[in-house]
>>> print(open('model15.txt').read())   # compact mmCIF, C-alpha atoms
# COMPACT_ATOMS: atom_id res chain seq x y z
CA MET S 29 -85.20 125.26 96.72
CA ALA S 30 -88.23 124.94 94.51
CA ALA S 31 -88.01 124.27 90.81
CA PRO S 32 -85.54 126.59 89.10
CA ASP S 33 -86.99 129.97 88.21
CA ILE S 34 -85.82 130.02 84.63
CA VAL S 35 -86.00 126.94 82.51
CA MET S 36 -85.15 127.43 78.87
CA TYR S 37 -86.91 125.20 76.36
CA GLU S 38 -85.81 124.57 72.80
CA GLU S 39 -88.75 126.36 71.19
CA GLU S 40 -88.41 129.60 73.14
CA PHE S 41 -84.63 129.46 72.93
CA ASN S 42 -84.88 129.45 69.15
CA GLN S 43 -87.29 132.36 69.21
CA ILE S 44 -84.91 134.31 71.42
CA LYS S 45 -82.02 133.56 69.11
CA GLN S 46 -84.05 134.78 66.15
CA ILE S 47 -85.00 138.01 67.90
CA ILE S 48 -81.47 138.88 68.90
CA SER S 49 -79.98 138.01 65.54
CA LYS S 50 -82.58 140.21 63.86
CA LEU S 51 -81.81 142.97 66.34
CA ARG S 52 -78.13 142.73 65.50
CA VAL S 53 -78.84 143.22 61.81
CA ASP S 54 -81.47 145.94 62.30
CA ALA S 55 -79.35 147.93 64.74
CA ASN S 56 -76.18 147.39 62.72
CA ALA S 57 -74.52 146.16 65.91
CA LYS S 58 -71.43 144.02 66.43
CA VAL S 59 -72.74 141.83 69.21
CA VAL S 60 -76.07 141.34 70.91
CA PHE S 61 -76.41 139.17 73.94
CA LEU S 62 -78.83 138.32 76.65
CA VAL S 63 -77.93 137.67 80.28
CA ASP S 64 -80.09 136.98 83.28
CA LYS S 65 -79.82 139.27 86.28
CA ASN S 66 -77.64 136.76 88.11
CA GLY S 67 -74.97 136.88 85.43
CA GLN S 68 -75.81 133.71 83.50
CA GLN S 69 -75.55 134.11 79.78
CA ILE S 70 -78.73 133.10 77.97
CA ALA S 71 -77.88 133.72 74.33
CA ALA S 72 -75.35 135.63 72.25
CA HIS S 73 -75.11 136.60 68.61
CA GLY S 74 -72.51 138.38 66.48
CA ASP S 75 -68.71 138.61 66.51
CA ILE S 76 -68.25 136.69 69.72
CA GLU S 77 -65.26 134.53 68.77
CA ASN S 78 -62.75 136.87 70.39
CA LEU S 79 -65.02 137.95 73.18
CA ASP S 80 -65.02 136.50 76.67
CA THR S 81 -68.80 136.30 76.90
CA THR S 82 -68.86 134.57 80.30
CA SER S 83 -66.94 137.39 81.93
CA LEU S 84 -68.94 139.93 79.99
CA ALA S 85 -72.15 138.40 81.32
CA SER S 86 -70.98 138.39 84.92
CA LEU S 87 -69.67 141.95 84.80
CA THR S 88 -72.82 143.20 83.07
CA ALA S 89 -74.96 141.68 85.79
CA GLY S 90 -72.70 143.20 88.45
CA ASN S 91 -72.95 146.55 86.71
CA VAL S 92 -76.75 146.38 86.51
CA ALA S 93 -77.00 145.26 90.13
CA ALA S 94 -74.80 148.13 91.30
CA THR S 95 -76.78 150.63 89.22
CA ASP S 96 -80.00 149.21 90.63
CA GLY S 97 -78.62 149.81 94.09
CA LEU S 98 -77.79 153.40 93.13
CA ALA S 99 -81.31 153.93 91.77
CA LYS S 100 -82.89 152.71 94.99
CA LEU S 101 -80.65 155.02 97.02
CA ILE S 102 -82.03 158.07 95.26
CA GLY S 103 -85.61 156.76 95.25
CA GLU S 104 -85.82 155.49 91.66
CA LYS S 105 -87.27 152.06 90.89
CA GLU S 106 -84.51 151.26 88.42
CA PHE S 107 -82.41 152.80 85.67
CA SER S 108 -83.74 150.80 82.77
CA ILE S 109 -81.03 151.83 80.32
CA LEU S 110 -77.27 152.07 80.80
CA PHE S 111 -74.98 153.35 78.11
CA HIS S 112 -71.19 153.22 78.04
CA GLU S 113 -69.41 155.20 75.36
CA GLY S 114 -65.92 154.23 74.27
CA GLU S 115 -63.50 155.52 71.67
CA LYS S 116 -64.52 152.89 69.14
CA ASP S 117 -67.07 150.61 70.71
CA ASN S 118 -70.08 151.40 72.82
CA ILE S 119 -72.26 149.26 75.06
CA HIS S 120 -76.00 149.73 75.41
CA ILE S 121 -77.59 147.83 78.29
CA SER S 122 -81.30 147.58 78.97
CA ILE S 123 -83.57 145.53 81.19
CA VAL S 124 -86.18 143.32 79.53
CA ALA S 125 -89.17 141.69 81.19
CA GLN S 126 -87.83 142.93 84.54
CA ARG S 127 -85.47 140.00 84.76
CA VAL S 128 -83.13 139.75 81.81
CA ILE S 129 -80.47 142.10 80.54
CA LEU S 130 -80.13 142.89 76.87
CA VAL S 131 -76.66 144.04 75.84
CA VAL S 132 -75.84 145.59 72.46
CA ILE S 133 -72.26 146.35 71.48
CA PHE S 134 -71.88 148.67 68.50
CA ASP S 135 -69.33 150.95 66.81
CA GLU S 136 -69.42 153.95 64.47
CA ARG S 137 -71.35 152.01 61.85
CA SER S 138 -74.43 152.46 64.02
CA SER S 139 -75.70 155.16 66.35
CA LEU S 140 -77.20 155.40 69.80
CA GLY S 141 -80.52 156.57 68.33
CA LEU S 142 -80.81 153.60 66.00
CA VAL S 143 -79.83 151.15 68.71
CA ARG S 144 -82.37 152.57 71.15
CA LEU S 145 -85.12 152.41 68.55
CA ARG S 146 -84.42 148.80 67.57
CA VAL S 147 -83.88 147.69 71.15
CA LYS S 148 -87.30 149.02 72.05
CA LYS S 149 -88.97 146.88 69.41
CA ALA S 150 -86.96 143.76 70.22
CA SER S 151 -87.67 144.24 73.92
CA GLN S 152 -91.39 143.95 73.32
CA GLU S 153 -90.90 140.69 71.45
CA LEU S 154 -88.59 139.34 74.15
CA ASN S 155 -91.13 140.33 76.79
CA ASP S 156 -93.68 138.11 75.11
CA VAL S 157 -91.29 135.17 74.88
CA PHE S 158 -90.37 135.40 78.55
CA ALA S 159 -94.00 135.66 79.54
CA ARG S 160 -94.59 132.42 77.61
CA ILE S 161 -91.63 130.71 79.27
CA ILE S 162 -92.86 131.61 82.73
CA ALA S 163 -96.37 130.46 81.91
CA LYS S 164 -94.98 127.18 80.58
CA VAL S 165 -92.89 126.52 83.67
CA GLU S 166 -95.91 127.25 85.87
CA ARG S 167 -98.10 124.96 83.82
CA GLU S 168 -95.61 122.10 83.90
CA LYS S 169 -95.21 122.52 87.62
CA GLN S 170 -98.94 122.29 88.15
CA GLN S 171 -99.35 119.35 85.81
CA ALA S 172 -96.60 117.46 87.50
CA GLY S 173 -97.97 118.39 90.90
CA ALA S 174 -95.44 118.21 93.66
CA ALA S 175 -93.06 116.15 91.56
CA PHE S 176 -91.78 118.69 89.06
CA GLU S 177 -89.83 116.64 86.56
CA SER S 178 -86.18 117.39 87.14
CA PRO S 179 -83.62 115.87 84.79
CA PHE S 180 -81.39 115.52 87.82
CA ALA S 181 -83.74 113.42 89.85
CA GLU S 182 -81.36 110.51 89.61
CA ILE S 183 -78.01 112.15 90.24
CA THR S 184 -75.89 109.87 92.35
CA ASP S 185 -72.88 110.54 94.55
CA GLU S 186 -70.75 108.84 91.88
CA ASP S 187 -71.97 111.33 89.27
CA ILE S 188 -70.86 114.18 91.47
CA ASP S 189 -67.56 112.55 92.38
CA SER S 190 -66.82 112.00 88.70
CA LEU S 191 -67.08 115.76 88.10
CA PHE S 192 -64.09 116.31 90.32
CA SER S 193 -61.89 113.42 89.29
CA GLU S 194 -59.09 114.92 87.29
CA MET X 25 -81.36 130.26 91.17
CA THR X 26 -79.96 127.50 89.05
CA PHE X 27 -80.25 128.21 85.38
CA ILE X 28 -81.10 125.16 83.31
CA ASN X 29 -80.97 125.41 79.55
CA TYR X 30 -82.66 122.43 77.94
CA ALA X 31 -81.88 123.69 74.46
CA SER X 32 -78.10 123.72 74.88
CA ARG X 33 -78.22 121.15 77.70
CA GLU X 34 -76.39 123.24 80.22
CA ILE X 35 -76.78 123.86 83.87
CA ASN X 36 -75.22 126.84 85.62
CA CYS X 37 -74.90 127.22 89.37
CA LYS X 38 -73.73 130.20 91.38
CA ILE X 39 -71.52 129.66 94.42
CA VAL X 40 -70.57 132.54 96.71
CA TYR X 41 -67.58 132.63 99.08
CA TYR X 42 -68.50 134.68 102.12
CA GLY X 43 -66.54 135.66 105.22
CA PRO X 44 -64.79 138.46 107.10
CA GLY X 45 -62.10 140.63 105.54
CA LEU X 46 -58.76 138.92 104.82
CA CYS X 47 -60.07 135.45 105.66
CA GLY X 48 -58.92 134.01 102.32
CA LYS X 49 -61.92 134.03 99.99
CA THR X 50 -59.95 135.36 97.05
CA THR X 51 -57.07 133.01 97.91
CA ASN X 52 -59.45 130.05 97.60
CA LEU X 53 -60.44 131.22 94.11
CA GLN X 54 -56.84 131.84 93.08
CA TRP X 55 -55.86 128.33 94.10
CA ILE X 56 -58.73 126.82 92.16
CA TYR X 57 -57.81 128.96 89.17
CA GLU X 58 -54.17 127.88 89.25
CA LYS X 59 -54.90 124.20 89.67
CA THR X 60 -57.67 123.77 87.15
CA ASN X 61 -57.19 122.45 83.66
CA PRO X 62 -57.07 125.48 81.28
CA ASN X 63 -59.94 124.03 79.20
CA ALA X 64 -62.18 123.88 82.21
CA LYS X 65 -61.88 127.43 83.40
CA GLY X 66 -62.53 130.94 82.23
CA LYS X 67 -60.73 134.09 83.26
CA LEU X 68 -60.41 134.97 86.92
CA ILE X 69 -61.82 138.46 87.23
CA SER X 70 -60.94 140.47 90.30
CA LEU X 71 -62.51 143.84 90.93
CA ALA X 72 -60.03 144.89 93.57
CA THR X 73 -58.38 148.03 94.91
CA GLU X 74 -54.76 148.88 94.21
CA THR X 75 -53.81 147.13 97.42
CA ASP X 76 -55.52 143.93 96.27
CA ARG X 77 -58.50 144.18 98.57
CA THR X 78 -61.68 142.97 96.89
CA LEU X 79 -63.78 145.98 95.94
CA PHE X 80 -66.83 144.42 94.34
CA PHE X 81 -66.28 140.74 93.57
CA ASP X 82 -63.97 138.09 92.15
CA PHE X 83 -65.44 135.83 89.53
CA LEU X 84 -64.29 132.48 88.19
CA PRO X 85 -66.33 130.34 85.80
CA LEU X 86 -65.58 126.60 86.00
CA GLU X 87 -66.73 123.90 83.67
CA LEU X 88 -66.87 120.64 85.55
CA GLY X 89 -68.06 118.14 82.99
CA THR X 90 -71.37 116.43 82.35
CA VAL X 91 -73.97 114.94 84.63
CA ARG X 92 -76.90 113.15 83.05
CA GLY X 93 -76.03 114.66 79.69
CA PHE X 94 -75.99 118.23 81.00
CA LYS X 95 -72.86 120.35 80.85
CA THR X 96 -72.29 121.52 84.41
CA ARG X 97 -70.86 124.96 85.07
CA PHE X 98 -70.13 126.60 88.35
CA HIS X 99 -69.74 130.33 88.65
CA LEU X 100 -67.68 131.12 91.71
CA TYR X 101 -67.95 134.56 93.28
CA THR X 102 -66.37 136.12 96.34
CA VAL X 103 -67.78 139.07 98.24
CA PRO X 104 -65.75 141.98 99.62
CA GLY X 105 -65.23 141.07 103.27
CA GLN X 106 -64.68 144.51 104.73
CA VAL X 107 -67.61 145.62 106.85
CA PHE X 108 -68.35 148.85 104.99
CA TYR X 109 -68.91 147.12 101.64
CA ASP X 110 -72.20 145.67 102.82
CA ALA X 111 -74.26 147.06 99.93
CA SER X 112 -72.03 145.21 97.44
CA ARG X 113 -72.21 141.99 99.44
CA LYS X 114 -75.99 142.01 99.23
CA LEU X 115 -75.92 142.37 95.45
CA ILE X 116 -73.61 139.42 94.96
CA LEU X 117 -75.89 137.10 96.91
CA LYS X 118 -78.59 137.65 94.31
CA GLY X 119 -79.48 134.32 92.73
CA VAL X 120 -77.03 132.31 94.79
CA ASP X 121 -77.26 128.50 94.78
CA GLY X 122 -74.74 127.70 97.46
CA VAL X 123 -72.61 129.52 100.01
CA ILE X 124 -69.16 128.72 101.38
CA PHE X 125 -68.36 130.56 104.58
CA VAL X 126 -64.62 131.02 104.96
CA ALA X 127 -63.73 131.57 108.61
CA ASP X 128 -60.38 132.92 109.75
CA SER X 129 -59.06 130.55 112.41
CA GLN X 130 -56.90 133.10 114.24
CA VAL X 131 -57.99 133.88 117.80
CA GLU X 132 -58.19 137.62 117.17
CA ARG X 133 -60.50 137.14 114.16
CA MET X 134 -63.16 135.09 115.96
CA ASP X 135 -65.33 138.16 116.63
CA ALA X 136 -65.11 139.11 112.96
CA ASN X 137 -66.18 135.57 111.98
CA VAL X 138 -69.22 135.67 114.21
CA GLU X 139 -70.18 139.12 112.93
CA ALA X 140 -69.79 138.00 109.30
CA VAL X 141 -72.00 134.93 109.79
CA GLU X 142 -74.69 137.10 111.31
CA ASN X 143 -74.32 139.50 108.40
CA LEU X 144 -74.69 136.58 105.98
CA VAL X 145 -77.94 135.50 107.60
CA VAL X 146 -79.35 139.05 107.35
CA ASN X 147 -78.22 139.62 103.77
CA LEU X 148 -79.53 136.26 102.59
CA LYS X 149 -82.86 137.18 104.09
CA THR X 150 -83.01 140.43 102.12
CA GLN X 151 -82.62 138.33 98.96
CA GLY X 152 -85.33 135.96 100.10
CA TYR X 153 -83.14 133.06 101.22
CA ASP X 154 -82.83 131.26 104.52
CA LEU X 155 -79.39 130.09 105.58
CA LEU X 156 -81.01 127.06 107.20
CA THR X 157 -82.31 125.75 103.88
CA ILE X 158 -79.73 126.92 101.35
CA PRO X 159 -76.74 124.66 100.48
CA TYR X 160 -74.05 125.86 102.87
CA VAL X 161 -70.63 124.68 104.05
CA LEU X 162 -68.16 126.05 106.56
CA GLN X 163 -64.43 126.29 105.87
CA LEU X 164 -62.02 126.87 108.74
CA ASN X 165 -59.11 128.51 106.99
CA LYS X 166 -55.51 129.24 108.03
CA ARG X 167 -55.20 126.10 110.15
CA ASP X 168 -51.40 126.25 109.78
CA LEU X 169 -51.01 129.43 111.83
CA PRO X 170 -49.75 129.17 115.43
CA ASN X 171 -52.54 131.14 117.12
CA VAL X 172 -55.61 129.25 115.95
CA VAL X 173 -58.82 128.56 117.84
CA PRO X 174 -59.38 124.80 118.37
CA THR X 175 -61.70 123.33 115.72
CA ALA X 176 -64.31 122.29 118.24
CA ASP X 177 -64.56 125.82 119.64
CA MET X 178 -64.89 127.37 116.20
CA VAL X 179 -67.55 124.91 115.19
CA ARG X 180 -69.47 125.58 118.38
CA GLN X 181 -69.49 129.32 117.72
CA LEU X 182 -70.08 129.31 113.99
CA LEU X 183 -72.26 126.32 113.26
CA GLN X 184 -75.66 127.38 111.92
CA LYS X 185 -77.56 124.29 110.98
CA ASN X 186 -79.09 121.25 112.55
CA PRO X 187 -78.10 118.68 111.31
CA ALA X 188 -74.78 120.44 111.09
CA GLU X 189 -73.40 121.79 107.82
CA PRO X 190 -70.26 120.12 106.45
CA VAL X 191 -67.07 121.61 107.95
CA PHE X 192 -63.71 121.65 106.17
CA GLU X 193 -60.32 122.57 107.60
CA ALA X 194 -58.14 124.42 105.13
CA VAL X 195 -54.94 126.25 104.39
CA ALA X 196 -56.00 128.09 101.26
CA MET X 197 -52.51 129.52 100.59
CA LYS X 198 -51.21 125.96 100.17
CA GLY X 199 -54.40 124.58 98.68
CA THR X 200 -55.22 122.29 101.59
CA GLY X 201 -58.96 121.70 101.78
CA VAL X 202 -59.77 124.11 98.94
CA PHE X 203 -61.15 121.59 96.46
CA GLU X 204 -62.70 119.52 99.26
CA THR X 205 -64.72 122.57 100.30
CA LEU X 206 -65.83 123.34 96.75
CA LYS X 207 -66.79 119.74 96.20
CA GLY X 208 -68.71 119.75 99.46
CA VAL X 209 -70.90 122.62 98.39
CA ALA X 210 -71.22 121.38 94.80
CA LYS X 211 -72.60 118.12 96.14
CA LEU X 212 -75.21 119.95 98.17
CA VAL X 213 -76.22 122.19 95.25
CA LEU X 214 -76.59 119.31 92.81
CA SER X 215 -78.45 117.12 95.24
CA GLU X 216 -80.77 120.05 95.85
CA LEU X 217 -81.67 119.78 92.14
CA THR X 218 -82.64 116.18 92.56
CA LYS X 219 -85.39 117.14 94.94
CA ALA X 220 -86.59 120.19 92.98
CA GLY X 221 -90.31 120.32 93.30
>>> encode(input="model15.txt", output="structure tokens")
Amino acid sequence: MAAPDIVMYEEEFNQIKQIISKLRVDANAKVVFLVDKNGQQIAAHGDIENLDTTSLASLTAGNVAATDGLAKLIGEKEFSILFHEGEKDNIHISIVAQRVILVVIFDERSSLGLVRLRVKKASQELNDVFARIIAKVEREKQQAGAAFESPFAEITDEDIDSLFSE
Amino acid sequence: MTFINYASREINCKIVYYGPGLCGKTTNLQWIYEKTNPNAKGKLISLATETDRTLFFDFLPLELGTVRGFKTRFHLYTVPGQVFYDASRKLILKGVDGVIFVADSQVERMDANVEAVENLVVNLKTQGYDLLTIPYVLQLNKRDLPNVVPTADMVRQLLQKNPAEPVFEAVAMKGTGVFETLKGVAKLVLSELTKAG
């Protein structure tokens, strides 16, 4: 495996957190979170204390992957927006920068129209951030040449064994 | 695709249990779930049919502790083993860091094992991976049953790599070999990170 495809740095992470917390306020949403297409949670904001965000992330990614498969079957590139309507809460899911999933959970205090509008704006900002992250990773890789600096370069067998010693 | 977050100092890896139908993939996950410290695990999610056959996937997040100051998390997934769920199997392999192949040791399931390994090779390829280079271990499950194929024969038919991938004998229902297998693949995934470049 080459260097990992997504590496999150402090600076961009903070920008992402700012964007999604602003989106939550602007869209009047309960929760906004960002997941990568493999189901890893990147960031979350809002009333997440009683929410199992790890499971939410994995199921969202599964949902998007399945919908992607459906799209391909009927000759579409992708369905870029998914919307699930519940009795009280609704989930709005959209794809950002072709690789991350933006999830907005909202109730009757907001509306689908408002959420869509605000998501569109936030998506553009997130697009820019992810473009910067990818450029940064590329740059670091080139600078470091073949030896991309991995923080795990010195993992030993003992380190790994210690993970499992309970 | 390992996800490393420098800001929150976390590293997340995705492990997929693969294998023919009813070979014990979900059983492996259930054992791990039952035997892990409650603080270290999330919910076990099973998207299964009413008869408990996996429909889409099972998912179990595990928090293993810290290496080099990074919180290490493993996300364990199983695929649906039944042949006709192939489209779902492909999706779950997306972004995988390591694969555990669970083989059913019973004589009558040998053909299904061979078919499933071949299917794994093809499906990995559609996601851009090569079984020969990805972290991969083989688990020979159900060793306690009376009608099992001798280990050497199974290994001869199922082994994919040279040098050979690690092989673990297991009885997932009783937990034998379950953690050994997981540890085997975790080791490979983490040592893969050490040579990232």
>>> residues_around(input="model15.txt", residues="range 106-122 of chain X", least_positions_apart="3", cutoff="8 Å", atoms="all atoms listed in the file", output="PyMOL selection string")
(chain S and resi 66+90+93-94+97) or (chain X and resi 25-26+37-40+44-45+79-81+101+103+147-148+150-151+158-160+209-210+212-213)
>>> atom_distance(input="model15.txt", atom1="CA of Leu182 in chain X", atom2="CA of Val141 in chain X")
7.3 Å
>>> closest_residue(input="model15.txt", among="S:Leu110, S:Ile129, S:Leu51, S:Ala99", to="Ala85 in chain S", atoms="only C-alpha atoms")
S:Ile129
>>> residues_near_point(input="model15.txt", point="(-67.8, 123.6, 106.3)", cutoff="12 Å", atoms="all atoms listed in the file", output="VMD selection string")
chain X and resid 41 to 42 122 to 127 159 to 165 175 178 to 179 182 to 185 188 to 194 201 to 202 204 to 209 212
>>> write_last_selection(input="model15.txt", atoms="C-alpha atoms", output="PDB file, in the frame of the given file")
ATOM      1  CA  TYR X  41     -67.580 132.630  99.080  1.00  0.00           C
ATOM      2  CA  TYR X  42     -68.500 134.680 102.120  1.00  0.00           C
ATOM      3  CA  GLY X 122     -74.740 127.700  97.460  1.00  0.00           C
ATOM      4  CA  VAL X 123     -72.610 129.520 100.010  1.00  0.00           C
ATOM      5  CA  ILE X 124     -69.160 128.720 101.380  1.00  0.00           C
ATOM      6  CA  PHE X 125     -68.360 130.560 104.580  1.00  0.00           C
ATOM      7  CA  VAL X 126     -64.620 131.020 104.960  1.00  0.00           C
ATOM      8  CA  ALA X 127     -63.730 131.570 108.610  1.00  0.00           C
ATOM      9  CA  PRO X 159     -76.740 124.660 100.480  1.00  0.00           C
ATOM     10  CA  TYR X 160     -74.050 125.860 102.870  1.00  0.00           C
ATOM     11  CA  VAL X 161     -70.630 124.680 104.050  1.00  0.00           C
ATOM     12  CA  LEU X 162     -68.160 126.050 106.560  1.00  0.00           C
ATOM     13  CA  GLN X 163     -64.430 126.290 105.870  1.00  0.00           C
ATOM     14  CA  LEU X 164     -62.020 126.870 108.740  1.00  0.00           C
ATOM     15  CA  ASN X 165     -59.110 128.510 106.990  1.00  0.00           C
ATOM     16  CA  THR X 175     -61.700 123.330 115.720  1.00  0.00           C
ATOM     17  CA  MET X 178     -64.890 127.370 116.200  1.00  0.00           C
ATOM     18  CA  VAL X 179     -67.550 124.910 115.190  1.00  0.00           C
ATOM     19  CA  LEU X 182     -70.080 129.310 113.990  1.00  0.00           C
ATOM     20  CA  LEU X 183     -72.260 126.320 113.260  1.00  0.00           C
ATOM     21  CA  GLN X 184     -75.660 127.380 111.920  1.00  0.00           C
ATOM     22  CA  LYS X 185     -77.560 124.290 110.980  1.00  0.00           C
ATOM     23  CA  ALA X 188     -74.780 120.440 111.090  1.00  0.00           C
ATOM     24  CA  GLU X 189     -73.400 121.790 107.820  1.00  0.00           C
ATOM     25  CA  PRO X 190     -70.260 120.120 106.450  1.00  0.00           C
ATOM     26  CA  VAL X 191     -67.070 121.610 107.950  1.00  0.00           C
ATOM     27  CA  PHE X 192     -63.710 121.650 106.170  1.00  0.00           C
ATOM     28  CA  GLU X 193     -60.320 122.570 107.600  1.00  0.00           C
ATOM     29  CA  ALA X 194     -58.140 124.420 105.130  1.00  0.00           C
ATOM     30  CA  GLY X 201     -58.960 121.700 101.780  1.00  0.00           C
ATOM     31  CA  VAL X 202     -59.770 124.110  98.940  1.00  0.00           C
ATOM     32  CA  GLU X 204     -62.700 119.520  99.260  1.00  0.00           C
ATOM     33  CA  THR X 205     -64.720 122.570 100.300  1.00  0.00           C
ATOM     34  CA  LEU X 206     -65.830 123.340  96.750  1.00  0.00           C
ATOM     35  CA  LYS X 207     -66.790 119.740  96.200  1.00  0.00           C
ATOM     36  CA  GLY X 208     -68.710 119.750  99.460  1.00  0.00           C
ATOM     37  CA  VAL X 209     -70.900 122.620  98.390  1.00  0.00           C
ATOM     38  CA  LEU X 212     -75.210 119.950  98.170  1.00  0.00           C
TER      39      LEU X 212
END
>>> residues_around(input="model15.txt", residues="range 130-142 of chain S", least_positions_apart="3", cutoff="9 Å", atoms="all atoms listed in the file", output="MDAnalysis selection string")
chainID S and resid 51:52 54:64 88 111 114:124 145:147 151
>>> closest_atom_pairs(input="model15.txt", of="chain X", to="chain S", cutoff="7 Å", atoms="only C-alpha atoms", output="JSON lines")
{"residue": "X:Met25", "atom": "CA", "partner": "S:Pro32", "partner_atom": "CA", "distance": 5.9}
{"residue": "X:Thr26", "atom": "CA", "partner": "S:Pro32", "partner_atom": "CA", "distance": 5.7}
{"residue": "X:Phe27", "atom": "CA", "partner": "S:Ile34", "partner_atom": "CA", "distance": 5.9}
{"residue": "X:Ile28", "atom": "CA", "partner": "S:Val35", "partner_atom": "CA", "distance": 5.3}
{"residue": "X:Asn29", "atom": "CA", "partner": "S:Met36", "partner_atom": "CA", "distance": 4.7}
{"residue": "X:Tyr30", "atom": "CA", "partner": "S:Tyr37", "partner_atom": "CA", "distance": 5.3}
{"residue": "X:Ala31", "atom": "CA", "partner": "S:Glu38", "partner_atom": "CA", "distance": 4.4}
{"residue": "X:Leu88", "atom": "CA", "partner": "S:Leu191", "partner_atom": "CA", "distance": 5.5}
{"residue": "X:Gly89", "atom": "CA", "partner": "S:Leu191", "partner_atom": "CA", "distance": 5.7}
{"residue": "X:Val91", "atom": "CA", "partner": "S:Asp187", "partner_atom": "CA", "distance": 6.2}
{"residue": "X:Arg92", "atom": "CA", "partner": "S:Phe180", "partner_atom": "CA", "distance": 7.0}
{"residue": "X:Leu115", "atom": "CA", "partner": "S:Ala93", "partner_atom": "CA", "distance": 6.1}
{"residue": "X:Lys118", "atom": "CA", "partner": "S:Asn66", "partner_atom": "CA", "distance": 6.3}
{"residue": "X:Gly119", "atom": "CA", "partner": "S:Asn66", "partner_atom": "CA", "distance": 5.5}
{"residue": "X:Lys211", "atom": "CA", "partner": "S:Ile188", "partner_atom": "CA", "distance": 6.4}
{"residue": "X:Glu216", "atom": "CA", "partner": "S:Met29", "partner_atom": "CA", "distance": 6.9}
{"residue": "X:Leu217", "atom": "CA", "partner": "S:Phe180", "partner_atom": "CA", "distance": 6.1}
{"residue": "X:Thr218", "atom": "CA", "partner": "S:Ala181", "partner_atom": "CA", "distance": 4.0}
{"residue": "X:Lys219", "atom": "CA", "partner": "S:Ala181", "partner_atom": "CA", "distance": 6.5}
{"residue": "X:Ala220", "atom": "CA", "partner": "S:Ala31", "partner_atom": "CA", "distance": 4.8}
{"residue": "X:Gly221", "atom": "CA", "partner": "S:Phe176", "partner_atom": "CA", "distance": 4.8}
>>> residues_around(input="model15.txt", residues="Lys45 in chain S", least_positions_apart="2", cutoff="8 Å", atoms="all atoms listed in the file", output="list of chain:residue names")
S:Phe41, S:Asn42, S:Gln43, S:Ile47, S:Ile48, S:Ser49, S:Ala71, S:Ala72, S:His73
>>> write_last_selection(input="model15.txt", atoms="C-alpha atoms", output="PDB file, in the coordinates of the input")
ATOM      1  CA  PHE S  41     -84.630 129.460  72.930  1.00  0.00           C
ATOM      2  CA  ASN S  42     -84.880 129.450  69.150  1.00  0.00           C
ATOM      3  CA  GLN S  43     -87.290 132.360  69.210  1.00  0.00           C
ATOM      4  CA  ILE S  47     -85.000 138.010  67.900  1.00  0.00           C
ATOM      5  CA  ILE S  48     -81.470 138.880  68.900  1.00  0.00           C
ATOM      6  CA  SER S  49     -79.980 138.010  65.540  1.00  0.00           C
ATOM      7  CA  ALA S  71     -77.880 133.720  74.330  1.00  0.00           C
ATOM      8  CA  ALA S  72     -75.350 135.630  72.250  1.00  0.00           C
ATOM      9  CA  HIS S  73     -75.110 136.600  68.610  1.00  0.00           C
TER      10      HIS S  73
END
>>> axis_aligned_box(input="model15.txt", around="range 41-44 of chain S", padding_each_side="6 Å", output="AutoDock Vina command-line options")
--center_x -86.0 --center_y 131.9 --center_z 71.0 --size_x 14.7 --size_y 16.9 --size_z 15.8
>>> closest_residue(input="model15.txt", among="X:Arg97, X:Asn61, X:Asn52, X:Ser129", to="Asp177 in chain X", atoms="only C-alpha atoms")
X:Ser129
